[in-house]
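Data first, discussion second: the structure below is written as C-alpha cells.
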Amino acid sequence: MLRTFATATLSALLLSSCMTPVETGAPESAAPPQAAQPTPVAQASGPHPGEAVYKTRCAACHDNSEATKAPSPETMARLTPGHITNALMTGIMIPQAVGLSSKEVSDVSNYLAKGGGQDDSWTTAMRCPASRATPKLDAAPTVATFGFDTNNTRRLDPTKVGLSGKDVTSLELAWTIAFPNAITMRSQAAVVGSSMFVPVGESNNRLFAFDISDNQKPCIQWIYEGEQTLRTSAGFGTRQDGKKVVMVGDMGGFVHMIDATNGKELWSEHMGLFEKSISTGTPVLVGDKVIAPSSQYEIMLAAQDAYECCKIHGGVVALDAMTGKRVWEGHTMEQAKPMKDRGDGQMLWGPAGAPVWNSPSIDLKRQQIYVGTGEANAAPAHKNTNAIMAFSLKDGSIKWSHQATPDDVFNVGCGPKGGPKNCSADTVFRDVDFGASTIIAKAPNGTELVLAGQKSGTVWAMNPDTGAVVWRRDIGTGGPNGGIHWGIAVDDTHVYAPISYPGRSIPGQDVDPTLKPGLYAVNLNDGSIDWKFEVAPDCTDARKKFVPRCNSLFGLSGAPTVIGDHIITGGLDGRVYMVEKKTGKLVWTYDTARDFETLNGVKGNGGSVDNASIVAANGLVIMNSGYGLFGQGAGNVMIAFKPKQ
C-alpha cells in the first residue's frame with residue numbers, strides 16, 4: 001500500500017474535517033488541483049478573496065464546531081497557511097478540495113490561517129549538554145503505554161515518581177514549554193527514568209525526547225520527525241534483542257518504531273486494515289509483537305454525498321517487533337458488501353464501523369487483548385459495534401464480545417432528522433462508543449474483571465473468561481463527547497470515572513437530576529458509587545479568551561491519573577483538580593487556561609485539558625493543556641509542577 005504523504009499537522013483538522021460537500025459529480029478518486037504553496041495576500045480594501053470560499057465550502061461545519069467536531073475559525077487562526085493547504089491537498093480533506101482551483105485553495109488557507117512560520121531556534125537552544133544527551137534507560141518504565149502499564153491501570157507509585165507523602169498536594173509551577181503552531185496537545189508521554197518521550201503531531205510530526213533529571217531545566221536529547229502527523233500517545237518497551245524502543249502511530253495508519261537511545265527510526269510500517277485506517281490507540285510491545293489498534297476516518301468522509309459508504313471497519317493488528325511486518329489481523333466484523341440503493345443509483349454498503357479508538361489492555365495470563373469498539377457507520381449495526389471485545393494474543397481471533405448499545409449508526413453530519421445521503425434511518429442515534437481504554441483489575445472480593453467506560457456514562461465490569469457482565473453502573477446517559485470519554489483509572493478498591501456530561505433522559509432511562517459532571521468512585525465489588533466530586537462552571541470574561549464555551553464545556557473528559565492516595569484529573573475548561581482517593585475531597589487545583597511565560601521562549605497558552613496527558617516523574621507532575629476540537633479551548637503547552645519548597 002502506498003504511503004500518502006500527508007497530513008500536515010492537524011490532528012485537529014484531520015480528524016474533524018467537515019467542509020460542506022459540493023455536488024461536483026467527481027468520483028472519490030478524483031485528484032484535487034495542484035495548489036501552489038500559499039503566499040500572503042495583500043489587500044488594499046474589500047473582503048479577503050478566501051472569505052467567499054470559506055462561506056460556501058467550509059462555514060456550515062466550522063462555524064458550528066461543537067456539533068460537527070470541526071475546529072472553529074478561531075482555532076484554525078493559530079495555524080499556518082501551509083498547514084491548511086497540506087490538509088486540503090495531501091490530507092484526508094482531499095475529497096473536499098475537489099473542484100477548488102489552486103488559487104481558491106491558497107485563498108482560503110490564507111484567509112483562515114494567521115499563524116506565522118515556525119521558528120525552531122528554541123530546539124537548538126534547549127539541546128542537552130553531552131552529559132545529559134543520551135537517555136539512561138536501565139530503569140523500568142514509569143509510563144510504558146496509555147494506561148502506564150499493560151493492565152491500563154493509570155496508577156503510579158509515588159515513591160517511584162519522587163512524590164511521596166504530602167508532596168503531591170502542595171504543587172507549584174516548575175516550568176512550561178510551548179510548541180509553535182500547535183492547537184491540540186493530545187498525546188501522552190512515555191517515561192523511563194529521567195527521560196520523557198513526547199509526541200507533538202502538530203509540531204512538524206515530531207516526537208521529542210526530553211531529559212528531566214534536573215527538574216528545573218529540562219533539555220532535548222533528540223527529536224524524531226515523521227512524514228505524517230503523529231496521532232497516538234507514546235509507547236515504550238524492550239525488544240527481545242535488548243533494544244529499548246519508543247512506538248507511536250500516525251494519521252496515515254503507520255506505526256513508527258524508534259531507537260529510544262538516539263531517536264533513529266528502526267522501521268515504519270502500515271498497520272491499518274484499510275487505506276483509510278488511522279492509528280489512534282497507543283501501540284504496545286508484547287514479547288515479539290507490537291499490538292496496534294486500527295481505527296478509521298470514514299465517519300467523516302461519509303458526510304459527502306459523493307462518497308460511496310460505508311466499507312471500512314476496525315480491529316487489532318499484530319506487527320513483528322523486529323521488522324514491522326504484519327503477523328496477524330483481528331477484524332471486528334466481516335467485509336462490507338452492497339446492501340441497497342440509497343435512492344440515487346448509488347449503493348449503500350455494510351456492515352461497517354466498530355473502529356478501535358482506544359489503547360489495548362494485555363492479559364498475559366489468558367493470552368488475550370481487550371479493547372472497546374466504536375459505533376456503526378452503516379446499517380445494519382453489526383453486533384460488534386459499541387462493544388467490549390477480547391482477541392487472542394496468539395492469532396487475533398475473537399474470543400468473546402459484548403455489545404453495550406445496539407443499533408447505533410452514526411456519521412458526521414447525520415442527525416435525528418437525517419442529513420447527507422449516507423445517513424441511516426435505522427439508528428437509535430446515540431454515538432456512544434468506547435473511547436476509553438479497557439482496564440484489567442481484581443476486586444477486593446477476589447473477582448477478576450475487565451473494566452470499560454462508555455460515552456453513555458456507563459462503567460462496565462466483565463468476566464475476562466466469558467465476557468459476561470459482572471456488574472454495570474450507569475452514571476447518566478452521556479452523549480457524543482461523554483459520559484465517560486477518554487479514560488478511567490483504577491486502584492485496589494475502586495474504578496474512577498470522569499463524567500463530562502450526565503446526559504438527558506432517553507426512552508427507557510431517566511437521568512438522576514443529582515448527577516453532575518465530575519469524578520465518581522465506583523466500588524469494584526458491586527458497582528456502587530462510594531463518593532463523587534462535582535465540578536461547576538467558572539466562566540469569567542478572562543477565561544473565555546482561552547476556553548470560549550466554558551459555560552457549557554467544563555466537565556471531566558480526559559483520563560485521570562492515580563498517584564498514591566490522590567487522583568489528578570483535568571477539565572474541559574482548563575482547570576486541574578487533585579482529590580483524596582478515599583473521600584473525593586478537593587486538596588489542590590490549578591487553572592491552565594491562561595498565557596504562560598515559557599522556558600523555551602515560544603508564545604504559549606493553556607486551554608482545555610482532554611484525552612490523556614497527566615504523568616509524573618522525577619518529583620514532577622507533567623501535563624498537557626490545549627485541545628482545539630469540539631468547540632473546546634486550543635492550547636500548546638506542556639506544564640510541569642513541583643512540590644512547594
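Letters for chains follow the order of the C-alpha cells (A, B, ...), residue numbers begin at 1 for each chain, and ligand numbers begin at 1 in the order shown.
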
Next item on the list: Could you please write out, as a ChimeraX atom specification, every residue of segment 594-634 of chain A that DSSP assigns to strand (DSSP E or B)?
Entry: /A:595-596,604-605,615-617,620-625,627

Notebook entry, point to check: Neighbours of segment 509-520 of chain A within 9 Å (only C-alpha atoms; same-chain residues fewer than 2 positions away dropped), as an MDAnalysis selection string?
Noted result: chainID A and resid 475:477 483 495:507 522 529:536 554:556 560 569 571 584

Checklist line | Counting only C-alpha atoms, the residue of A:Asn384, A:Ala378, A:Asp407, A:Gly635 that sits nearest Ser424 of chain A | finding: A:Ala378

Next item on the list: Would you list the contacts of Val469 of chain A as a PyMOL selection string, taking every protein, DNA or RNA residue within 12 Å and counting only C-alpha atoms, but skipping same-chain residues closer than 5 positions in sequence?
Entry: chain A and resi 388+400-404+448-452+459-464+526-527

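Remark: for Thr232 of chain A, the closest of the candidate residues A:Leu301, A:Ala612, A:Phe391, A:Ser203 is A:Ala612 (distances computed over only C-alpha atoms).
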
Item checked: Spatial neighbours of segment 285-300 of chain A, max dist 7 Å, only C-alpha atoms, sep filter under 2 positions, as number ranges by chain -> A: 15, 17-18, 237, 239-240, 272-273, 276-283, 302-303, 312, 314-321, 355-357, 359, 377, 411-412
